[in-house]
>>> print(open('entry_13.cif').read())   # mmCIF, N, CA and C atoms
data_query
loop_
_atom_site.label_atom_id
_atom_site.label_comp_id
_atom_site.auth_asym_id
_atom_site.auth_seq_id
_atom_site.Cartn_x
_atom_site.Cartn_y
_atom_site.Cartn_z
N MET O 1 148.06 58.06 86.88
CA MET O 1 146.64 57.83 86.67
C MET O 1 146.16 56.60 87.46
N PHE O 2 147.02 55.57 87.52
CA PHE O 2 146.65 54.36 88.26
C PHE O 2 146.42 54.66 89.73
N GLN O 3 147.33 55.46 90.32
CA GLN O 3 147.22 55.80 91.73
C GLN O 3 145.92 56.55 92.01
N ILE O 4 145.56 57.48 91.14
CA ILE O 4 144.33 58.24 91.32
C ILE O 4 143.12 57.32 91.25
N THR O 5 143.14 56.37 90.33
CA THR O 5 142.05 55.41 90.20
C THR O 5 141.92 54.56 91.46
N VAL O 6 143.04 54.06 91.96
CA VAL O 6 143.02 53.23 93.18
C VAL O 6 142.51 54.04 94.36
N LEU O 7 142.97 55.27 94.49
CA LEU O 7 142.51 56.11 95.60
C LEU O 7 141.04 56.47 95.48
N ALA O 8 140.56 56.72 94.26
CA ALA O 8 139.14 57.03 94.06
C ALA O 8 138.28 55.82 94.43
N ILE O 9 138.70 54.65 93.99
CA ILE O 9 137.96 53.43 94.34
C ILE O 9 138.01 53.20 95.85
N SER O 10 139.15 53.47 96.45
CA SER O 10 139.28 53.30 97.90
C SER O 10 138.35 54.25 98.65
N LEU O 11 138.21 55.46 98.16
CA LEU O 11 137.28 56.40 98.80
C LEU O 11 135.84 55.90 98.71
N LEU O 12 135.48 55.32 97.57
CA LEU O 12 134.14 54.72 97.44
C LEU O 12 133.97 53.55 98.40
N LYS O 13 135.01 52.72 98.52
CA LYS O 13 134.96 51.60 99.45
C LYS O 13 134.84 52.09 100.90
N ILE O 14 135.55 53.16 101.23
CA ILE O 14 135.47 53.72 102.58
C ILE O 14 134.06 54.26 102.84
N ALA O 15 133.49 54.96 101.87
CA ALA O 15 132.13 55.47 102.03
C ALA O 15 131.14 54.33 102.27
N TYR O 16 131.32 53.24 101.56
CA TYR O 16 130.45 52.08 101.76
C TYR O 16 130.71 51.43 103.11
N ALA O 17 131.97 51.31 103.49
CA ALA O 17 132.33 50.63 104.74
C ALA O 17 131.84 51.37 105.96
N VAL O 18 131.88 52.70 105.94
CA VAL O 18 131.43 53.44 107.12
C VAL O 18 129.91 53.59 107.17
N SER O 19 129.24 53.14 106.12
CA SER O 19 127.77 53.20 106.14
C SER O 19 127.16 52.02 106.88
N ARG O 20 127.97 51.02 107.16
CA ARG O 20 127.48 49.83 107.89
C ARG O 20 128.69 49.08 108.43
N PRO O 21 128.55 48.37 109.53
CA PRO O 21 129.68 47.61 110.06
C PRO O 21 129.89 46.30 109.30
N LEU O 22 130.79 46.30 108.35
CA LEU O 22 131.06 45.12 107.53
C LEU O 22 132.03 44.17 108.21
N PHE O 23 132.66 44.62 109.27
CA PHE O 23 133.70 43.84 109.93
C PHE O 23 133.19 42.47 110.36
N TYR O 24 131.94 42.41 110.79
CA TYR O 24 131.36 41.15 111.29
C TYR O 24 131.19 40.11 110.19
N SER O 25 131.19 40.54 108.93
CA SER O 25 130.92 39.61 107.84
C SER O 25 132.14 38.76 107.48
N GLY O 26 133.30 39.09 108.01
CA GLY O 26 134.49 38.32 107.71
C GLY O 26 134.47 36.97 108.39
N PRO O 27 135.12 35.97 107.80
CA PRO O 27 135.07 34.62 108.36
C PRO O 27 135.81 34.48 109.69
N ASP O 28 136.80 35.33 109.96
CA ASP O 28 137.59 35.20 111.17
C ASP O 28 137.23 36.23 112.24
N ALA O 29 136.24 37.06 111.99
CA ALA O 29 135.91 38.13 112.93
C ALA O 29 135.57 37.59 114.32
N ASN O 30 134.88 36.49 114.39
CA ASN O 30 134.49 35.95 115.69
C ASN O 30 135.70 35.48 116.50
N GLY O 31 136.78 35.13 115.85
CA GLY O 31 137.99 34.74 116.57
C GLY O 31 138.88 35.92 116.90
N TYR O 32 138.98 36.87 115.99
CA TYR O 32 139.87 38.00 116.20
C TYR O 32 139.29 39.05 117.14
N MET O 33 137.98 39.26 117.10
CA MET O 33 137.39 40.31 117.94
C MET O 33 137.57 40.06 119.43
N PRO O 34 137.27 38.87 119.95
CA PRO O 34 137.49 38.66 121.39
C PRO O 34 138.95 38.83 121.79
N ALA O 35 139.87 38.37 120.95
CA ALA O 35 141.29 38.52 121.26
C ALA O 35 141.69 39.99 121.25
N ALA O 36 141.21 40.76 120.26
CA ALA O 36 141.55 42.18 120.18
C ALA O 36 140.99 42.94 121.38
N LEU O 37 139.75 42.65 121.74
CA LEU O 37 139.15 43.30 122.90
C LEU O 37 139.89 42.93 124.18
N ALA O 38 140.31 41.69 124.30
CA ALA O 38 141.05 41.25 125.48
C ALA O 38 142.43 41.90 125.54
N PHE O 39 143.12 42.01 124.41
CA PHE O 39 144.41 42.69 124.39
C PHE O 39 144.25 44.15 124.84
N ALA O 40 143.20 44.82 124.36
CA ALA O 40 142.98 46.21 124.73
C ALA O 40 142.67 46.36 126.21
N GLU O 41 141.94 45.40 126.76
CA GLU O 41 141.53 45.49 128.17
C GLU O 41 142.57 44.92 129.14
N LEU O 42 143.15 43.78 128.78
CA LEU O 42 144.02 43.07 129.72
C LEU O 42 145.51 43.33 129.53
N GLY O 43 145.88 43.87 128.39
CA GLY O 43 147.30 44.09 128.10
C GLY O 43 147.85 43.00 127.20
N TYR O 44 149.05 43.23 126.69
CA TYR O 44 149.62 42.35 125.68
C TYR O 44 150.26 41.09 126.24
N LEU O 45 150.52 41.05 127.53
CA LEU O 45 151.18 39.88 128.12
C LEU O 45 150.25 39.02 128.96
N SER O 46 148.97 39.29 128.89
CA SER O 46 148.01 38.52 129.69
C SER O 46 147.91 37.09 129.17
N LYS O 47 147.70 36.17 130.10
CA LYS O 47 147.51 34.77 129.73
C LYS O 47 146.04 34.43 129.50
N GLU O 48 145.17 35.42 129.62
CA GLU O 48 143.73 35.19 129.47
C GLU O 48 143.20 35.61 128.11
N ILE O 49 144.06 35.80 127.13
CA ILE O 49 143.63 36.20 125.79
C ILE O 49 143.03 34.97 125.09
N PRO O 50 141.78 35.07 124.62
CA PRO O 50 141.15 33.91 123.98
C PRO O 50 141.68 33.66 122.56
N PHE O 51 141.60 32.43 122.14
CA PHE O 51 141.91 31.99 120.77
C PHE O 51 143.38 32.13 120.37
N LEU O 52 144.29 32.37 121.30
CA LEU O 52 145.69 32.58 120.89
C LEU O 52 146.36 31.35 120.31
N PRO O 53 146.15 30.17 120.80
CA PRO O 53 146.81 29.06 120.11
C PRO O 53 146.31 28.85 118.69
N ILE O 54 145.10 29.31 118.41
CA ILE O 54 144.50 29.08 117.09
C ILE O 54 144.88 30.20 116.12
N TYR O 55 144.75 31.46 116.56
CA TYR O 55 145.02 32.61 115.70
C TYR O 55 146.34 33.27 116.07
N PRO O 56 147.10 33.76 115.10
CA PRO O 56 148.31 34.51 115.42
C PRO O 56 147.94 35.85 116.06
N PRO O 57 148.77 36.37 116.95
CA PRO O 57 148.39 37.55 117.71
C PRO O 57 148.58 38.90 117.00
N GLY O 58 149.25 38.95 115.88
CA GLY O 58 149.56 40.23 115.24
C GLY O 58 148.35 41.07 114.89
N TYR O 59 147.38 40.47 114.24
CA TYR O 59 146.18 41.21 113.83
C TYR O 59 145.36 41.66 115.04
N PRO O 60 145.09 40.80 116.03
CA PRO O 60 144.37 41.29 117.21
C PRO O 60 145.11 42.39 117.96
N ILE O 61 146.44 42.34 117.99
CA ILE O 61 147.21 43.40 118.64
C ILE O 61 147.02 44.72 117.88
N ALA O 62 147.08 44.67 116.55
CA ALA O 62 146.85 45.88 115.76
C ALA O 62 145.43 46.42 116.00
N LEU O 63 144.46 45.51 116.05
CA LEU O 63 143.09 45.94 116.33
C LEU O 63 142.97 46.53 117.72
N SER O 64 143.70 45.98 118.69
CA SER O 64 143.61 46.51 120.05
C SER O 64 144.12 47.94 120.13
N ILE O 65 145.08 48.29 119.30
CA ILE O 65 145.55 49.67 119.24
C ILE O 65 144.43 50.58 118.74
N LEU O 66 143.71 50.12 117.72
CA LEU O 66 142.58 50.90 117.22
C LEU O 66 141.46 50.99 118.26
N ILE O 67 141.27 49.93 119.03
CA ILE O 67 140.26 49.95 120.09
C ILE O 67 140.62 51.00 121.13
N ARG O 68 141.88 51.07 121.49
CA ARG O 68 142.31 52.06 122.49
C ARG O 68 142.20 53.48 121.96
N ILE O 69 142.46 53.69 120.70
CA ILE O 69 142.41 55.04 120.12
C ILE O 69 140.97 55.48 119.84
N PHE O 70 140.20 54.62 119.17
CA PHE O 70 138.89 55.01 118.68
C PHE O 70 137.72 54.53 119.56
N GLN O 71 137.99 53.73 120.55
CA GLN O 71 137.02 53.22 121.51
C GLN O 71 135.78 52.64 120.83
N ASP O 72 134.63 53.26 120.94
CA ASP O 72 133.40 52.67 120.41
C ASP O 72 133.36 52.62 118.88
N ASN O 73 134.15 53.42 118.21
CA ASN O 73 134.15 53.46 116.75
C ASN O 73 135.31 52.67 116.13
N TRP O 74 135.86 51.74 116.88
CA TRP O 74 137.05 51.03 116.40
C TRP O 74 136.77 50.16 115.19
N ILE O 75 135.56 49.64 115.07
CA ILE O 75 135.26 48.78 113.92
C ILE O 75 135.30 49.59 112.63
N TYR O 76 134.74 50.79 112.66
CA TYR O 76 134.80 51.64 111.47
C TYR O 76 136.24 52.04 111.17
N ALA O 77 137.01 52.35 112.21
CA ALA O 77 138.42 52.70 112.01
C ALA O 77 139.18 51.53 111.41
N ALA O 78 138.90 50.31 111.88
CA ALA O 78 139.57 49.12 111.35
C ALA O 78 139.24 48.93 109.87
N GLN O 79 137.99 49.15 109.51
CA GLN O 79 137.60 49.02 108.10
C GLN O 79 138.33 50.03 107.23
N VAL O 80 138.39 51.28 107.69
CA VAL O 80 139.06 52.33 106.92
C VAL O 80 140.56 52.04 106.80
N VAL O 81 141.19 51.67 107.90
CA VAL O 81 142.63 51.37 107.88
C VAL O 81 142.92 50.20 106.94
N GLN O 82 142.11 49.17 106.96
CA GLN O 82 142.32 48.02 106.09
C GLN O 82 142.18 48.40 104.62
N ILE O 83 141.22 49.26 104.30
CA ILE O 83 141.05 49.70 102.92
C ILE O 83 142.25 50.53 102.47
N LEU O 84 142.74 51.41 103.34
CA LEU O 84 143.90 52.24 102.99
C LEU O 84 145.16 51.39 102.83
N ILE O 85 145.33 50.40 103.69
CA ILE O 85 146.49 49.50 103.56
C ILE O 85 146.41 48.71 102.26
N PHE O 86 145.23 48.26 101.89
CA PHE O 86 145.06 47.53 100.63
C PHE O 86 145.38 48.44 99.44
N ALA O 87 144.92 49.70 99.49
CA ALA O 87 145.20 50.64 98.40
C ALA O 87 146.70 50.90 98.29
N LEU O 88 147.35 51.13 99.42
CA LEU O 88 148.79 51.36 99.41
C LEU O 88 149.54 50.12 98.89
N GLY O 89 149.12 48.95 99.33
CA GLY O 89 149.74 47.71 98.85
C GLY O 89 149.57 47.52 97.36
N THR O 90 148.39 47.84 96.84
CA THR O 90 148.14 47.72 95.41
C THR O 90 149.06 48.64 94.62
N ILE O 91 149.18 49.87 95.09
CA ILE O 91 150.05 50.83 94.41
C ILE O 91 151.51 50.39 94.48
N LEU O 92 151.95 49.91 95.62
CA LEU O 92 153.35 49.48 95.76
C LEU O 92 153.66 48.24 94.93
N VAL O 93 152.74 47.30 94.86
CA VAL O 93 152.96 46.11 94.03
C VAL O 93 153.07 46.51 92.56
N ARG O 94 152.22 47.43 92.12
CA ARG O 94 152.30 47.88 90.73
C ARG O 94 153.65 48.56 90.45
N GLU O 95 154.10 49.40 91.39
CA GLU O 95 155.39 50.06 91.21
C GLU O 95 156.53 49.05 91.17
N MET O 96 156.45 48.05 92.03
CA MET O 96 157.48 47.02 92.06
C MET O 96 157.49 46.23 90.75
N LEU O 97 156.32 45.85 90.26
CA LEU O 97 156.26 45.11 89.00
C LEU O 97 156.73 45.96 87.83
N ASN O 98 156.41 47.26 87.86
CA ASN O 98 156.89 48.16 86.80
C ASN O 98 158.41 48.25 86.77
N SER O 99 159.03 48.15 87.94
CA SER O 99 160.49 48.23 87.96
C SER O 99 161.15 46.95 87.43
N TYR O 100 160.46 45.82 87.50
CA TYR O 100 161.03 44.56 87.03
C TYR O 100 160.68 44.22 85.59
N PHE O 101 159.55 44.71 85.11
CA PHE O 101 159.11 44.38 83.76
C PHE O 101 159.01 45.64 82.94
N THR O 102 159.44 45.55 81.70
CA THR O 102 159.35 46.72 80.82
C THR O 102 157.93 46.91 80.35
N LYS O 103 157.64 48.10 79.96
CA LYS O 103 156.27 48.40 79.47
C LYS O 103 156.18 47.90 78.08
#
>>> encode(input="entry_13.cif", output="structure tokens")
Amino acid sequence: MFQITVLAISLLKIAYAVSRPLFYSGPDANGYMPAALAFAELGYLSKEIPFLPIYPPGYPIALSILIRIFQDNWIYAAQVVQILIFALGTILVREMLNSYFTK
């Protein structure tokens, strides 16, 4: 029942997320977006990637993969992927806690 509830809420979150670009509202979007766009355009070993000493490269690299796959719709894809990862993480944390603590 918990998994169904999490997935239902996630579907509502996805419906809301694809109705408008919420990605820009995050506090780090201005730093991650230029790096992700640069990774997608220049490659992963370029020395011209902005903000790299400040931000770790993992998230912009993941976003650059979405940019290459979804092109102009990458922001919506990023929002959906993040919601699904959060839902999966929530379900896995609950399962892990259930295995350690008795009901």
>>> residues_around(input="entry_13.cif", residues="Gln3 in chain O", least_positions_apart="2", cutoff="12 Å", atoms="only C-alpha atoms", output="MDAnalysis selection string")
chainID O and resid 1 5:10 87:95
>>> residues_around(input="entry_13.cif", residues="Pro50 in chain O", least_positions_apart="3", cutoff="7 Å", atoms="all atoms listed in the file", output="MDAnalysis selection string")
chainID O and resid 31 34:35 38 47 53:54
>>> select_by_dssp(input="entry_13.cif", residues="chain O", states="alpha helix (DSSP H)", output="number ranges by chain")
O: 2-17, 29-42, 58-70, 74-100
>>> atom_distance(input="entry_13.cif", atom1="CA of Ile69 in chain O", atom2="CA of Ile4 in chain O")
29.0 Å
>>> closest_residue(input="entry_13.cif", among="O:Ala40, O:Tyr24, O:Val80, O:Tyr16", to="Arg68 in chain O", atoms="only N, CA and C atoms")
O:Ala40
>>> atom_distance(input="entry_13.cif", atom1="atom N of Leu45 in chain O", atom2="atom N of Pro21 in chain O")
29.3 Å
>>> closest_residue(input="entry_13.cif", among="O:Phe2, O:Tyr44, O:Tyr76, O:Tyr32", to="Ala17 in chain O", atoms="all atoms listed in the file")
O:Tyr76
>>> atom_distance(input="entry_13.cif", atom1="atom N of Ala29 in chain O", atom2="CA of Phe51 in chain O")
11.6 Å
>>> decode(input="entry_13.cif", residues="range 69-93 of chain O", atoms="N, CA, C and O atoms", output="CSV table (one decimal), in the first residue's frame")
chain,number,residue,atom,x,y,z
O,69,ILE,N,19.8,13.3,-25.0
O,69,ILE,CA,18.7,12.4,-25.3
O,69,ILE,C,17.4,13.2,-25.7
O,69,ILE,O,16.8,12.9,-26.7
O,70,PHE,N,17.1,14.1,-24.8
O,70,PHE,CA,15.8,14.8,-25.0
O,70,PHE,C,15.9,16.2,-25.6
O,70,PHE,O,14.9,16.9,-25.8
O,71,GLN,N,17.1,16.7,-25.9
O,71,GLN,CA,17.4,18.0,-26.5
O,71,GLN,C,16.6,19.1,-25.9
O,71,GLN,O,16.8,19.5,-24.8
O,72,ASP,N,15.6,19.7,-26.6
O,72,ASP,CA,14.9,20.9,-26.1
O,72,ASP,C,14.0,20.6,-24.9
O,72,ASP,O,13.7,21.5,-24.2
O,73,ASN,N,13.6,19.4,-24.7
O,73,ASN,CA,12.8,19.0,-23.6
O,73,ASN,C,13.5,18.4,-22.4
O,73,ASN,O,12.9,17.7,-21.5
O,74,TRP,N,14.8,18.7,-22.3
O,74,TRP,CA,15.6,18.1,-21.3
O,74,TRP,C,15.2,18.5,-19.9
O,74,TRP,O,15.4,17.8,-18.9
O,75,ILE,N,14.7,19.7,-19.7
O,75,ILE,CA,14.4,20.2,-18.4
O,75,ILE,C,13.2,19.4,-17.8
O,75,ILE,O,13.2,19.0,-16.7
O,76,TYR,N,12.2,19.2,-18.7
O,76,TYR,CA,11.1,18.4,-18.3
O,76,TYR,C,11.5,17.0,-17.9
O,76,TYR,O,11.1,16.4,-17.0
O,77,ALA,N,12.4,16.4,-18.8
O,77,ALA,CA,12.9,15.1,-18.5
O,77,ALA,C,13.7,15.0,-17.2
O,77,ALA,O,13.5,14.0,-16.4
O,78,ALA,N,14.5,16.0,-16.9
O,78,ALA,CA,15.2,16.1,-15.6
O,78,ALA,C,14.2,16.1,-14.5
O,78,ALA,O,14.5,15.5,-13.4
O,79,GLN,N,13.2,16.9,-14.6
O,79,GLN,CA,12.2,17.0,-13.5
O,79,GLN,C,11.6,15.6,-13.2
O,79,GLN,O,11.4,15.2,-12.1
O,80,VAL,N,11.2,14.9,-14.3
O,80,VAL,CA,10.5,13.6,-14.2
O,80,VAL,C,11.5,12.6,-13.6
O,80,VAL,O,11.1,11.9,-12.7
O,81,VAL,N,12.7,12.6,-14.1
O,81,VAL,CA,13.7,11.6,-13.6
O,81,VAL,C,14.0,11.9,-12.1
O,81,VAL,O,14.1,10.9,-11.3
O,82,GLN,N,14.1,13.1,-11.7
O,82,GLN,CA,14.3,13.4,-10.3
O,82,GLN,C,13.2,13.0,-9.4
O,82,GLN,O,13.4,12.5,-8.3
O,83,ILE,N,12.0,13.2,-9.9
O,83,ILE,CA,10.8,12.7,-9.1
O,83,ILE,C,10.8,11.2,-9.0
O,83,ILE,O,10.5,10.7,-7.9
O,84,LEU,N,11.1,10.5,-10.1
O,84,LEU,CA,11.1,9.0,-10.0
O,84,LEU,C,12.2,8.5,-9.1
O,84,LEU,O,12.0,7.5,-8.4
O,85,ILE,N,13.4,9.1,-9.2
O,85,ILE,CA,14.5,8.7,-8.3
O,85,ILE,C,14.1,9.0,-6.8
O,85,ILE,O,14.4,8.1,-6.0
O,86,PHE,N,13.5,10.1,-6.5
O,86,PHE,CA,13.0,10.3,-5.2
O,86,PHE,C,12.0,9.3,-4.7
O,86,PHE,O,12.1,8.8,-3.6
O,87,ALA,N,11.1,8.9,-5.6
O,87,ALA,CA,10.1,7.9,-5.2
O,87,ALA,C,10.7,6.6,-5.0
O,87,ALA,O,10.4,5.9,-4.0
O,88,LEU,N,11.6,6.2,-5.8
O,88,LEU,CA,12.4,4.9,-5.7
O,88,LEU,C,13.2,5.0,-4.4
O,88,LEU,O,13.2,4.0,-3.6
O,89,GLY,N,13.8,6.1,-4.1
O,89,GLY,CA,14.6,6.2,-2.9
O,89,GLY,C,13.8,6.1,-1.6
O,89,GLY,O,14.1,5.5,-0.6
O,90,THR,N,12.6,6.7,-1.7
O,90,THR,CA,11.7,6.7,-0.5
O,90,THR,C,11.2,5.2,-0.3
O,90,THR,O,11.2,4.8,0.9
O,91,ILE,N,10.9,4.5,-1.3
O,91,ILE,CA,10.5,3.1,-1.2
O,91,ILE,C,11.6,2.3,-0.6
O,91,ILE,O,11.4,1.4,0.3
O,92,LEU,N,12.8,2.5,-1.2
O,92,LEU,CA,13.9,1.7,-0.7
O,92,LEU,C,14.3,1.9,0.7
O,92,LEU,O,14.7,1.0,1.5
O,93,VAL,N,14.3,3.2,1.1
O,93,VAL,CA,14.6,3.5,2.5
O,93,VAL,C,13.6,2.9,3.5
O,93,VAL,O,13.9,2.3,4.5
